[in-house]
file entry02.cif (mmCIF, C-alpha atoms)
data_model
loop_
_atom_site.label_atom_id
_atom_site.label_comp_id
_atom_site.auth_asym_id
_atom_site.auth_seq_id
_atom_site.Cartn_x
_atom_site.Cartn_y
_atom_site.Cartn_z
CA MET A 12 49.94 42.46 13.52
CA ASP A 13 53.36 42.57 15.14
CA PHE A 14 55.09 45.89 15.77
CA ASP A 15 57.15 47.65 18.40
CA LEU A 16 55.47 50.21 20.61
CA PRO A 17 56.86 53.75 20.53
CA ARG A 18 59.37 54.55 23.25
CA GLU A 19 57.08 56.99 25.06
CA ILE A 20 54.49 54.23 25.50
CA THR A 21 56.94 51.63 26.80
CA GLU A 22 58.30 54.22 29.21
CA LYS A 23 54.77 54.91 30.42
CA LEU A 24 54.17 51.20 30.96
CA ALA A 25 57.34 51.00 33.07
CA GLU A 26 56.20 54.06 35.03
CA LEU A 27 52.85 52.41 35.72
CA ASP A 28 54.53 49.19 36.85
CA ALA A 29 56.67 51.11 39.33
CA PHE A 30 53.62 52.97 40.64
CA ILE A 31 51.70 49.72 41.12
CA GLU A 32 54.51 48.14 43.11
CA ALA A 33 55.10 51.20 45.28
CA GLU A 34 51.55 52.44 45.90
CA ILE A 35 48.90 49.93 44.89
CA LYS A 36 50.23 46.50 45.85
CA PRO A 37 50.61 47.42 49.55
CA MET A 38 46.95 48.54 49.64
CA GLU A 39 45.92 45.32 47.93
CA HIS A 40 47.85 43.15 50.39
CA GLU A 41 46.16 44.92 53.30
CA ASN A 42 42.74 44.12 51.83
CA ARG A 43 43.14 40.59 50.51
CA GLN A 44 39.48 39.75 51.15
CA PHE A 45 38.54 41.81 48.10
CA PHE A 46 40.81 39.87 45.74
CA ASP A 47 41.00 36.23 46.83
CA HIS A 48 38.29 33.54 46.97
CA ARG A 49 36.23 35.76 49.31
CA ARG A 50 36.04 38.70 46.92
CA GLU A 51 32.41 38.46 45.72
CA HIS A 52 31.10 38.16 49.27
CA ALA A 53 33.45 40.84 50.62
CA ARG A 54 32.58 43.31 47.88
CA THR A 55 28.80 42.86 48.14
CA ASP A 56 26.47 44.50 50.65
CA TRP A 57 23.87 41.76 50.86
CA ASP A 58 21.70 43.74 53.27
CA HIS A 59 21.25 46.59 50.79
CA ASP A 60 20.09 44.93 47.57
CA GLY A 61 23.53 43.59 46.66
CA ARG A 62 25.09 46.97 45.96
CA PRO A 63 28.89 47.35 46.30
CA ARG A 64 30.02 47.46 49.92
CA ALA A 65 31.10 50.90 51.15
CA GLU A 66 34.52 49.58 52.18
CA TRP A 67 35.14 48.26 48.67
CA ARG A 68 34.13 51.52 47.05
CA ALA A 69 36.33 53.44 49.48
CA LEU A 70 39.34 51.33 48.53
CA ILE A 71 38.75 51.98 44.83
CA SER A 72 38.40 55.70 45.53
CA GLU A 73 41.70 55.76 47.39
CA MET A 74 43.42 53.94 44.52
CA GLU A 75 42.01 56.40 41.98
CA CYS A 76 42.94 59.38 44.17
CA ARG A 77 46.57 58.24 44.36
CA ALA A 78 46.67 57.58 40.61
CA ASP A 79 45.20 61.01 39.93
CA LYS A 80 47.81 62.79 42.04
CA VAL A 81 50.63 61.50 39.85
CA GLY A 82 48.87 61.98 36.53
CA HIS A 83 47.88 58.41 35.69
CA LEU A 84 44.10 58.44 36.16
CA ARG A 85 43.42 61.14 33.55
CA TYR A 86 46.17 60.10 31.17
CA GLY A 87 43.80 59.49 28.26
CA LEU A 88 41.60 62.55 28.82
CA PRO A 89 41.83 65.88 26.99
CA LYS A 90 44.14 68.49 28.48
CA SER A 91 41.10 70.67 29.17
CA CYS A 92 40.05 68.00 31.71
CA GLY A 93 43.47 67.76 33.34
CA GLY A 94 44.59 64.86 31.17
CA SER A 95 47.51 64.21 28.87
CA ALA A 96 45.51 63.61 25.67
CA ALA A 97 47.20 60.23 25.20
CA SER A 98 46.77 58.51 21.85
CA ASN A 99 44.36 55.64 21.24
CA LEU A 100 47.38 53.39 20.71
CA ALA A 101 48.80 54.34 24.10
CA ILE A 102 45.51 53.66 25.89
CA ALA A 103 45.02 50.34 24.07
CA ALA A 104 48.53 49.23 25.02
CA ILE A 105 48.02 50.27 28.64
CA ARG A 106 44.69 48.47 28.99
CA GLU A 107 46.17 45.31 27.53
CA HIS A 108 49.24 45.59 29.76
CA LEU A 109 47.22 46.11 32.95
CA ALA A 110 44.69 43.40 32.13
CA ALA A 111 47.49 40.90 31.50
CA LYS A 112 48.62 41.35 35.10
CA GLY A 113 45.44 39.66 36.29
CA LEU A 114 42.93 40.64 38.93
CA GLY A 115 44.15 43.41 41.19
CA LEU A 116 43.42 46.82 42.62
CA HIS A 117 45.45 48.36 39.81
CA ASN A 118 42.88 47.25 37.23
CA ASP A 119 39.55 45.53 37.87
CA LEU A 120 37.50 45.13 34.71
CA GLN A 121 34.52 43.89 36.71
CA ASP A 122 34.16 47.41 38.13
CA GLU A 123 35.90 49.26 35.26
CA SER A 124 38.26 50.68 37.86
CA SER A 125 41.86 51.28 36.91
CA ILE A 126 44.86 53.44 37.70
CA VAL A 127 44.41 54.74 34.13
CA GLY A 128 40.75 55.67 34.03
CA ASN A 129 38.28 54.63 31.37
CA PHE A 130 36.01 57.65 30.86
CA PRO A 131 34.52 57.35 27.35
CA ILE A 132 31.79 59.93 28.02
CA ILE A 133 34.15 62.68 29.22
CA PRO A 134 35.63 63.72 25.82
CA ALA A 135 32.13 63.87 24.35
CA ILE A 136 30.90 66.13 27.16
CA ALA A 137 34.05 68.26 26.97
CA ASP A 138 33.65 68.85 23.22
CA TYR A 139 29.88 68.91 22.76
CA GLY A 140 28.25 69.27 26.18
CA THR A 141 26.27 72.24 27.37
CA PRO A 142 27.76 74.39 30.16
CA GLU A 143 25.50 72.59 32.62
CA GLN A 144 26.58 69.16 31.37
CA LYS A 145 30.24 70.15 31.62
CA THR A 146 29.82 70.67 35.37
CA TYR A 147 29.64 66.88 35.62
CA ILE A 148 33.13 66.29 34.22
CA GLU A 149 35.15 66.64 37.41
CA GLY A 150 32.55 64.78 39.45
CA ILE A 151 32.57 61.81 37.06
CA ILE A 152 36.37 61.61 37.13
CA THR A 153 36.51 61.73 40.93
CA GLY A 154 33.51 59.45 41.43
CA LYS A 155 31.39 62.08 43.15
CA LYS A 156 28.87 62.29 40.31
CA HIS A 157 27.38 59.68 38.03
CA LEU A 158 25.38 59.62 34.83
CA SER A 159 22.65 57.07 34.22
CA PHE A 160 19.62 56.52 32.06
CA GLY A 161 16.13 55.33 32.81
CA LEU A 162 15.04 52.02 31.33
CA THR A 163 11.45 52.73 30.41
CA GLU A 164 10.44 49.51 28.69
CA PRO A 165 9.70 47.23 31.69
CA GLY A 166 6.01 47.38 32.40
CA HIS A 167 5.20 49.15 29.15
CA ALA A 168 1.76 48.35 27.89
CA GLY A 169 1.04 47.84 24.24
CA ASN A 170 2.79 46.34 21.28
CA TYR A 171 6.60 46.04 21.34
CA PHE A 172 6.91 46.09 17.56
CA LYS A 173 4.67 49.15 17.25
CA ARG A 174 6.94 51.06 19.64
CA GLN A 175 10.09 50.00 17.82
CA ILE A 176 8.77 50.73 14.34
CA SER A 177 7.36 54.07 15.46
CA ARG A 178 10.69 55.08 17.01
CA TRP A 179 12.71 54.01 13.96
CA SER A 180 10.35 55.78 11.57
CA GLY A 181 10.46 58.91 13.70
CA LEU A 182 14.26 58.95 13.64
CA TRP A 183 14.26 58.60 9.86
CA GLY A 184 11.87 61.52 9.60
CA GLN A 185 13.95 63.58 12.00
CA TYR A 186 17.35 63.11 10.38
CA ARG A 187 16.51 62.86 6.70
CA ARG A 188 17.34 65.79 4.44
CA GLY A 189 15.11 67.14 1.74
CA ASP A 190 17.82 66.78 -0.86
CA GLU A 191 18.39 63.14 0.03
CA ASP A 192 14.99 61.56 -0.61
CA ASN A 193 14.88 57.80 -0.44
CA PRO A 194 11.62 56.48 -1.91
CA ASP A 195 12.55 52.89 -1.15
CA LEU A 196 13.08 53.61 2.54
CA ASP A 197 9.86 55.63 2.65
CA ARG A 198 8.09 52.59 1.23
CA VAL A 199 9.58 50.39 3.94
CA VAL A 200 8.39 52.82 6.62
CA SER A 201 4.84 52.79 5.26
CA TRP A 202 4.84 49.02 4.73
CA LEU A 203 5.97 48.30 8.28
CA ALA A 204 3.47 50.72 9.80
CA GLU A 205 0.63 48.91 8.02
CA ARG A 206 1.78 45.43 9.02
CA VAL A 207 2.75 45.59 12.70
CA PRO A 208 2.83 42.02 14.09
CA GLU A 209 0.77 41.24 17.16
CA SER A 210 2.99 41.19 20.24
CA GLU A 211 1.90 41.27 23.87
CA THR A 212 4.64 39.12 25.42
CA LEU A 213 7.76 40.82 26.77
CA ALA A 214 10.98 39.03 27.65
CA LEU A 215 14.61 39.81 28.41
CA CYS A 216 16.48 39.76 25.10
CA HIS A 217 20.12 39.65 24.15
CA GLY A 218 21.18 43.15 23.18
CA ASP A 219 23.32 42.23 20.16
CA PHE A 220 22.36 38.79 18.91
CA ARG A 221 24.66 38.16 15.98
CA ILE A 222 27.23 35.63 14.84
CA ALA A 223 30.12 37.42 16.57
CA ASN A 224 28.44 37.03 19.95
CA VAL A 225 27.87 33.30 19.95
CA MET A 226 30.33 30.45 20.45
CA PHE A 227 30.35 27.47 18.10
CA HIS A 228 31.43 23.91 18.80
CA LYS A 229 34.94 23.37 17.44
CA ALA A 230 33.98 20.28 15.45
CA GLU A 231 30.19 20.33 15.11
CA PRO A 232 27.84 22.82 13.42
CA ARG A 233 26.05 23.95 16.58
CA VAL A 234 26.09 26.85 19.00
CA ILE A 235 27.38 25.94 22.47
CA GLY A 236 27.18 29.34 24.14
CA VAL A 237 25.87 32.87 23.88
CA LEU A 238 28.30 35.56 25.01
CA PRO A 239 27.09 38.10 27.58
CA ASN A 240 26.07 41.46 26.24
CA ALA A 241 23.73 44.33 26.93
CA ALA A 242 20.15 43.22 27.32
CA ARG A 243 16.83 44.83 26.56
CA VAL A 244 13.17 44.08 27.14
CA GLY A 245 11.26 43.10 24.02
CA ARG A 246 9.80 40.32 21.90
CA HIS A 247 11.85 37.22 22.62
CA LEU A 248 12.20 36.09 18.99
CA ALA A 249 12.62 39.50 17.36
CA ARG A 250 16.40 39.67 17.69
CA ALA A 251 16.92 36.11 16.55
CA TYR A 252 14.76 36.61 13.47
CA ALA A 253 16.53 39.85 12.61
CA ALA A 254 19.95 38.25 13.02
CA ARG A 255 19.11 35.41 10.67
CA GLY A 256 17.26 37.52 8.13
CA LEU A 257 13.98 35.66 8.66
CA ALA A 258 10.53 37.23 8.51
CA LEU A 259 8.13 37.56 11.40
CA ILE A 260 5.52 38.65 8.86
CA GLU A 261 4.68 36.01 6.28
CA GLU A 262 3.34 38.43 3.68
CA GLU A 263 6.05 39.59 1.30
CA PRO A 264 6.31 43.29 0.35
#

call {"tool": "encode", "arguments": {"input": "entry02.cif", "output": "C-alpha coordinates"}}
result
Amino acid sequence: MDFDLPREITEKLAELDAFIEAEIKPMEHENRQFFDHRREHARTDWDHDGRPRAEWRALISEMECRADKVGHLRYGLPKSCGGSAASNLAIAAIREHLAAKGLGLHNDLQDESSIVGNFPIIPAIADYGTPEQKTYIEGIITGKKHLSFGLTEPGHAGNYFKRQISRWSGLWGQYRRGDEDNPDLDRVVSWLAERVPESETLALCHGDFRIANVMFHKAEPRVIGVLPNAARVGRHLARAYAARGLALIEEEP
(Lines of atoms letter the chains of each structure in order from A and count residues from 1; the text may use other names and numbers.)
(Lines give C-alpha, C1' and ligand atoms only; values in the text may rest on other atoms or scores of the structure.)
Protein backbone atom coordinates (compact mmCIF):
# COMPACT_ATOMS: atom_id res chain seq x y z
CA MET A 1 0.00 0.00 0.00
CA ASP A 2 1.32 3.41 -0.97
CA PHE A 3 -0.08 6.55 0.65
CA ASP A 4 1.06 9.87 2.05
CA LEU A 5 1.30 10.27 5.79
CA PRO A 6 -0.81 13.01 7.38
CA ARG A 7 0.97 16.30 7.93
CA GLU A 8 0.96 16.02 11.73
CA ILE A 9 2.88 12.74 11.49
CA THR A 10 5.51 14.02 9.07
CA GLU A 11 5.97 17.06 11.29
CA LYS A 12 6.46 14.77 14.28
CA LEU A 13 9.07 12.77 12.38
CA ALA A 14 10.96 15.97 11.59
CA GLU A 15 10.73 16.99 15.25
CA LEU A 16 12.17 13.64 16.31
CA ASP A 17 15.02 13.95 13.80
CA ALA A 18 15.95 17.36 15.18
CA PHE A 19 15.84 16.03 18.75
CA ILE A 20 18.09 13.10 17.84
CA GLU A 21 20.70 15.35 16.26
CA ALA A 22 20.67 17.89 19.09
CA GLU A 23 20.36 15.65 22.16
CA ILE A 24 20.96 11.98 21.40
CA LYS A 25 23.78 11.86 18.86
CA PRO A 26 26.25 13.70 21.13
CA MET A 27 25.57 11.16 23.91
CA GLU A 28 26.06 8.33 21.44
CA HIS A 29 29.37 9.72 20.18
CA GLU A 30 30.64 9.98 23.75
CA ASN A 31 29.84 6.30 24.32
CA ARG A 32 30.86 4.65 21.07
CA GLN A 33 31.80 1.39 22.81
CA PHE A 34 28.09 0.60 23.16
CA PHE A 35 27.38 0.92 19.44
CA ASP A 36 30.40 -0.22 17.43
CA HIS A 37 32.04 -3.67 17.17
CA ARG A 38 32.57 -3.69 20.95
CA ARG A 39 28.91 -3.26 21.83
CA GLU A 40 28.00 -6.77 23.03
CA HIS A 41 31.01 -6.94 25.33
CA ALA A 42 30.58 -3.35 26.54
CA ARG A 43 26.90 -3.80 27.29
CA THR A 44 27.29 -7.10 29.17
CA ASP A 45 28.30 -7.56 32.79
CA TRP A 46 30.02 -10.91 32.47
CA ASP A 47 30.76 -11.12 36.19
CA HIS A 48 27.07 -10.96 37.10
CA ASP A 49 25.41 -13.66 34.99
CA GLY A 50 25.54 -11.64 31.77
CA ARG A 51 23.02 -9.03 32.84
CA PRO A 52 23.16 -5.57 31.21
CA ARG A 53 26.05 -3.47 32.50
CA ALA A 54 25.05 -0.65 34.85
CA GLU A 55 26.73 1.95 32.62
CA TRP A 56 24.69 0.81 29.63
CA ARG A 57 21.43 0.94 31.56
CA ALA A 58 22.33 4.39 32.88
CA LEU A 59 22.87 5.68 29.36
CA ILE A 60 19.48 4.35 28.24
CA SER A 61 17.85 5.94 31.29
CA GLU A 62 19.39 9.31 30.48
CA MET A 63 18.18 9.07 26.88
CA GLU A 64 14.64 8.23 28.02
CA CYS A 65 14.69 11.00 30.62
CA ARG A 66 15.59 13.60 27.98
CA ALA A 67 12.95 12.25 25.60
CA ASP A 68 10.35 12.35 28.36
CA LYS A 69 11.07 15.98 29.21
CA VAL A 70 10.13 17.11 25.70
CA GLY A 71 7.12 14.84 25.31
CA HIS A 72 8.51 12.15 23.02
CA LEU A 73 8.79 9.13 25.33
CA ARG A 74 5.07 8.98 26.19
CA TYR A 75 3.82 10.11 22.80
CA GLY A 76 1.77 6.95 22.21
CA LEU A 77 0.38 6.65 25.74
CA PRO A 78 -3.05 7.79 26.93
CA LYS A 79 -3.33 11.36 28.19
CA SER A 80 -4.12 9.99 31.65
CA CYS A 81 -0.52 8.68 31.70
CA GLY A 82 1.01 11.93 30.52
CA GLY A 83 0.99 10.91 26.87
CA SER A 84 -0.42 12.38 23.68
CA ALA A 85 -2.70 9.46 22.75
CA ALA A 86 -1.06 9.22 19.32
CA SER A 87 -2.77 7.07 16.71
CA ASN A 88 -1.63 3.57 15.78
CA LEU A 89 -0.67 4.94 12.36
CA ALA A 90 1.56 7.58 13.94
CA ILE A 91 3.32 5.05 16.17
CA ALA A 92 3.79 2.60 13.28
CA ALA A 93 5.29 5.34 11.11
CA ILE A 94 7.60 6.47 13.91
CA ARG A 95 8.86 2.98 14.68
CA GLU A 96 9.57 2.35 11.01
CA HIS A 97 11.28 5.73 10.67
CA LEU A 98 13.51 5.23 13.72
CA ALA A 99 14.38 1.64 12.86
CA ALA A 100 15.41 2.69 9.34
CA LYS A 101 18.08 4.92 10.84
CA GLY A 102 19.95 1.85 12.03
CA LEU A 103 21.46 0.99 15.37
CA GLY A 104 21.69 3.94 17.72
CA LEU A 105 20.83 5.29 21.13
CA HIS A 106 17.69 6.84 19.65
CA ASN A 107 16.20 3.40 19.00
CA ASP A 108 17.65 0.02 19.96
CA LEU A 109 15.28 -2.84 19.21
CA GLN A 110 17.56 -5.30 21.00
CA ASP A 111 16.64 -3.58 24.27
CA GLU A 112 13.27 -2.16 23.14
CA SER A 113 14.59 1.25 24.12
CA SER A 114 13.55 4.26 22.09
CA ILE A 115 12.98 7.99 22.33
CA VAL A 116 9.33 7.11 21.65
CA GLY A 117 8.62 4.42 24.20
CA ASN A 118 7.02 1.08 23.50
CA PHE A 119 4.78 0.37 26.50
CA PRO A 120 2.08 -2.08 25.34
CA ILE A 121 1.05 -3.01 28.89
CA ILE A 122 0.46 0.57 30.06
CA PRO A 123 -2.87 1.25 28.25
CA ALA A 124 -4.23 -2.07 29.51
CA ILE A 125 -3.31 -1.23 33.10
CA ALA A 126 -4.65 2.31 32.74
CA ASP A 127 -8.03 1.10 31.47
CA TYR A 128 -8.53 -2.17 33.32
CA GLY A 129 -6.01 -2.34 36.16
CA THR A 130 -6.83 -2.32 39.84
CA PRO A 131 -5.81 0.74 41.88
CA GLU A 132 -2.81 -1.21 43.13
CA GLN A 133 -1.78 -2.23 39.61
CA LYS A 134 -2.08 1.37 38.42
CA THR A 135 0.63 2.39 40.88
CA TYR A 136 3.07 0.60 38.56
CA ILE A 137 2.36 2.85 35.57
CA GLU A 138 4.77 5.68 36.32
CA GLY A 139 7.46 3.27 37.50
CA ILE A 140 7.28 1.23 34.29
CA ILE A 141 7.53 4.36 32.13
CA THR A 142 10.54 5.67 34.05
CA GLY A 143 12.22 2.28 34.39
CA LYS A 144 12.01 2.20 38.18
CA LYS A 145 9.54 -0.68 38.26
CA HIS A 146 9.20 -3.80 36.16
CA LEU A 147 6.60 -6.47 35.59
CA SER A 148 7.54 -10.10 35.04
CA PHE A 149 6.04 -13.55 35.22
CA GLY A 150 7.28 -16.79 36.69
CA LEU A 151 8.00 -19.64 34.31
CA THR A 152 6.75 -22.62 36.27
CA GLU A 153 7.23 -25.43 33.78
CA PRO A 154 10.98 -26.17 34.16
CA GLY A 155 11.38 -28.99 36.62
CA HIS A 156 7.70 -29.86 36.61
CA ALA A 157 7.07 -33.49 37.30
CA GLY A 158 4.40 -35.44 35.50
CA ASN A 159 2.92 -35.53 32.06
CA TYR A 160 3.24 -32.45 29.82
CA PHE A 161 0.16 -33.31 27.78
CA LYS A 162 -1.93 -33.91 30.90
CA ARG A 163 -1.08 -30.42 32.15
CA GLN A 164 -1.86 -28.80 28.82
CA ILE A 165 -5.13 -30.64 28.27
CA SER A 166 -6.21 -29.98 31.85
CA ARG A 167 -5.49 -26.26 31.50
CA TRP A 168 -7.27 -25.97 28.15
CA SER A 169 -10.30 -27.89 29.41
CA GLY A 170 -10.42 -25.74 32.54
CA LEU A 171 -10.40 -22.54 30.48
CA TRP A 172 -13.25 -23.84 28.34
CA GLY A 173 -15.24 -24.62 31.46
CA GLN A 174 -14.45 -21.21 32.93
CA TYR A 175 -15.41 -19.06 29.96
CA ARG A 176 -18.27 -20.99 28.39
CA ARG A 177 -21.79 -19.67 28.77
CA GLY A 178 -24.82 -21.75 29.53
CA ASP A 179 -26.65 -20.43 26.51
CA GLU A 180 -23.78 -21.31 24.20
CA ASP A 181 -23.44 -25.08 24.65
CA ASN A 182 -21.10 -26.80 22.28
CA PRO A 183 -21.59 -30.58 22.40
CA ASP A 184 -18.84 -31.18 19.87
CA LEU A 185 -16.27 -29.30 21.93
CA ASP A 186 -17.44 -31.06 25.08
CA ARG A 187 -16.85 -34.35 23.28
CA VAL A 188 -13.32 -33.26 22.36
CA VAL A 189 -12.61 -32.36 26.00
CA SER A 190 -13.77 -35.76 27.21
CA TRP A 191 -11.99 -37.62 24.41
CA LEU A 192 -8.66 -35.92 25.10
CA ALA A 193 -8.92 -36.47 28.85
CA GLU A 194 -9.36 -40.21 28.27
CA ARG A 195 -6.47 -40.51 25.81
CA VAL A 196 -3.57 -38.50 27.24
CA PRO A 197 -0.35 -39.62 25.50
CA GLU A 198 2.54 -40.77 27.64
CA SER A 199 5.12 -37.99 27.96
CA GLU A 200 7.98 -37.77 30.43
CA THR A 201 10.56 -35.97 28.28
CA LEU A 202 10.72 -32.18 28.42
CA ALA A 203 12.56 -30.00 25.91
CA LEU A 204 12.80 -26.37 24.85
CA CYS A 205 10.20 -25.83 22.15
CA HIS A 206 9.58 -23.10 19.61
CA GLY A 207 6.75 -20.94 20.91
CA ASP A 208 4.90 -20.46 17.61
CA PHE A 209 5.89 -23.20 15.19
CA ARG A 210 3.94 -22.43 12.03
CA ILE A 211 4.56 -21.76 8.37
CA ALA A 212 4.98 -18.00 8.87
CA ASN A 213 7.91 -18.56 11.23
CA VAL A 214 10.08 -20.72 9.03
CA MET A 215 12.22 -19.79 6.03
CA PHE A 216 12.07 -21.82 2.84
CA HIS A 217 14.76 -22.30 0.21
CA LYS A 218 14.05 -20.00 -2.74
CA ALA A 219 14.24 -22.80 -5.31
CA GLU A 220 13.84 -26.07 -3.39
CA PRO A 221 10.97 -27.43 -1.30
CA ARG A 222 12.81 -27.48 2.02
CA VAL A 223 13.07 -25.41 5.18
CA ILE A 224 16.43 -23.67 5.62
CA GLY A 225 15.79 -21.81 8.85
CA VAL A 226 13.47 -21.40 11.81
CA LEU A 227 12.86 -17.81 12.87
CA PRO A 228 13.42 -16.90 16.53
CA ASN A 229 10.34 -16.66 18.67
CA ALA A 230 9.15 -17.13 22.21
CA ALA A 231 10.04 -20.51 23.60
CA ARG A 232 8.40 -22.81 26.10
CA VAL A 233 9.23 -26.05 27.87
CA GLY A 234 7.24 -29.04 26.67
CA ARG A 235 7.13 -32.16 24.52
CA HIS A 236 9.58 -31.61 21.69
CA LEU A 237 7.32 -32.93 18.91
CA ALA A 238 4.00 -31.53 20.15
CA ARG A 239 4.25 -28.18 18.39
CA ALA A 240 5.43 -29.69 15.14
CA TYR A 241 2.60 -32.21 15.09
CA ALA A 242 0.05 -29.53 15.88
CA ALA A 243 1.39 -27.25 13.16
CA ARG A 244 1.15 -29.95 10.51
CA GLY A 245 -2.20 -31.33 11.66
CA LEU A 246 -0.75 -34.75 12.45
CA ALA A 247 -1.87 -36.99 15.29
CA LEU A 248 0.22 -37.99 18.28
CA ILE A 249 -2.53 -40.45 19.14
CA GLU A 250 -3.09 -43.13 16.52
CA GLU A 251 -6.64 -43.96 17.56
CA GLU A 252 -9.19 -41.88 15.68
CA PRO A 253 -12.12 -40.29 17.55

call {"tool": "resolve_selection", "arguments": {"input": "entry02.cif", "expression": "the PyMOL selection byres ((chain A and resi 98-108) around 7)", "output": "list in words"}}
result
Ile20, Leu24, Gly87, Ala96, Ala97, Leu109, Ala110, Ala111 and Lys112 of chain A

call {"tool": "write_last_selection", "arguments": {"input": "entry02.cif", "atoms": "C-alpha atoms", "output": "mmCIF file, keeping the file's coordinate frame"}}
result
data_model
loop_
_atom_site.group_PDB
_atom_site.id
_atom_site.type_symbol
_atom_site.label_atom_id
_atom_site.label_comp_id
_atom_site.auth_asym_id
_atom_site.auth_seq_id
_atom_site.Cartn_x
_atom_site.Cartn_y
_atom_site.Cartn_z
ATOM 1 C CA ILE A 20 54.490 54.230 25.500
ATOM 2 C CA LEU A 24 54.170 51.200 30.960
ATOM 3 C CA GLY A 87 43.800 59.490 28.260
ATOM 4 C CA ALA A 96 45.510 63.610 25.670
ATOM 5 C CA ALA A 97 47.200 60.230 25.200
ATOM 6 C CA LEU A 109 47.220 46.110 32.950
ATOM 7 C CA ALA A 110 44.690 43.400 32.130
ATOM 8 C CA ALA A 111 47.490 40.900 31.500
ATOM 9 C CA LYS A 112 48.620 41.350 35.100
#

call {"tool": "atom_distance", "arguments": {"input": "entry02.cif", "atom1": "CA of Glu51 (chain A)", "atom2": "CA of His117 (chain A)"}}
result
17.4 Å

call {"tool": "atom_distance", "arguments": {"input": "entry02.cif", "atom1": "CA of Thr21 (chain A)", "atom2": "CA of Met74 (chain A)"}}
result
22.4 Å

call {"tool": "closest_residue", "arguments": {"input": "entry02.cif", "among": "A:Asp79, A:Glu149, A:Asp47, A:Asp56", "to": "Gly115 (chain A)", "atoms": "only C-alpha atoms"}}
result
A:Asp47

call {"tool": "residues_around", "arguments": {"input": "entry02.cif", "residues": "region 203-207 of chain A", "least_positions_apart": "5", "cutoff": "8 Å", "atoms": "all atoms listed in the file", "output": "number ranges by chain"}}
result
A: 172-173, 176-177, 260

call {"tool": "axis_aligned_box", "arguments": {"input": "entry02.cif", "around": "region 82-92 of chain A", "padding_each_side": "8 Å", "output": "lines of an AutoDock Vina configuration file"}}
result
center_x = 44.5
center_y = 64.5
center_z = 31.8
size_x = 24.8
size_y = 28.3
size_z = 25.5

call {"tool": "atom_distance", "arguments": {"input": "entry02.cif", "atom1": "CA of Gln175 (chain A)", "atom2": "CA of Val199 (chain A)"}}
result
13.9 Å

call {"tool": "resolve_selection", "arguments": {"input": "entry02.cif", "expression": "the PyMOL selection byres ((chain A and resi 126) around 8)", "output": "list in words"}}
result
Met74, Glu75, Ala78, Asp79, His83, Leu84, His117, Asn118, Ser124, Ser125, Val127 and Gly128 of chain A

call {"tool": "write_last_selection", "arguments": {"input": "entry02.cif", "atoms": "C-alpha atoms", "output": "PDB file, in the frame of the given file"}}
result
ATOM      1  CA  MET A  74      43.420  53.940  44.520  1.00  0.00           C
ATOM      2  CA  GLU A  75      42.010  56.400  41.980  1.00  0.00           C
ATOM      3  CA  ALA A  78      46.670  57.580  40.610  1.00  0.00           C
ATOM      4  CA  ASP A  79      45.200  61.010  39.930  1.00  0.00           C
ATOM      5  CA  HIS A  83      47.880  58.410  35.690  1.00  0.00           C
ATOM      6  CA  LEU A  84      44.100  58.440  36.160  1.00  0.00           C
ATOM      7  CA  HIS A 117      45.450  48.360  39.810  1.00  0.00           C
ATOM      8  CA  ASN A 118      42.880  47.250  37.230  1.00  0.00           C
ATOM      9  CA  SER A 124      38.260  50.680  37.860  1.00  0.00           C
ATOM     10  CA  SER A 125      41.860  51.280  36.910  1.00  0.00           C
ATOM     11  CA  VAL A 127      44.410  54.740  34.130  1.00  0.00           C
ATOM     12  CA  GLY A 128      40.750  55.670  34.030  1.00  0.00           C
TER      13      GLY A 128
END

call {"tool": "residues_around", "arguments": {"input": "entry02.cif", "residues": "Ile152 (chain A)", "least_positions_apart": "4", "cutoff": "10 Å", "atoms": "all atoms listed in the file", "output": "short mmCIF file (atom, residue, chain, number, x, y, z; two decimals) with C-alpha atoms, in the coordinates of the input"}}
result
data_model
loop_
_atom_site.label_atom_id
_atom_site.label_comp_id
_atom_site.auth_asym_id
_atom_site.auth_seq_id
_atom_site.Cartn_x
_atom_site.Cartn_y
_atom_site.Cartn_z
CA GLU A 75 42.01 56.40 41.98
CA CYS A 76 42.94 59.38 44.17
CA ASP A 79 45.20 61.01 39.93
CA LEU A 84 44.10 58.44 36.16
CA ARG A 85 43.42 61.14 33.55
CA LEU A 88 41.60 62.55 28.82
CA CYS A 92 40.05 68.00 31.71
CA GLY A 128 40.75 55.67 34.03
CA ASN A 129 38.28 54.63 31.37
CA PHE A 130 36.01 57.65 30.86
CA ILE A 133 34.15 62.68 29.22
CA TYR A 147 29.64 66.88 35.62
CA ILE A 148 33.13 66.29 34.22
CA LYS A 156 28.87 62.29 40.31
CA HIS A 157 27.38 59.68 38.03
#

call {"tool": "resolve_selection", "arguments": {"input": "entry02.cif", "expression": "the PyMOL selection byres ((chain A and resi 66) around 12)", "output": "ChimeraX atom specification"}}
result
/A:42,44-45,53-56,62-65,67-73

call {"tool": "closest_residue", "arguments": {"input": "entry02.cif", "among": "A:Arg43, A:Val81, A:His48, A:Phe14", "to": "Glu26 (chain A)", "atoms": "all atoms listed in the file"}}
result
A:Val81

call {"tool": "closest_residue", "arguments": {"input": "entry02.cif", "among": "A:Asn224, A:Thr153, A:Gln185, A:Asn193", "to": "Val237 (chain A)", "atoms": "only C-alpha atoms"}}
result
A:Asn224
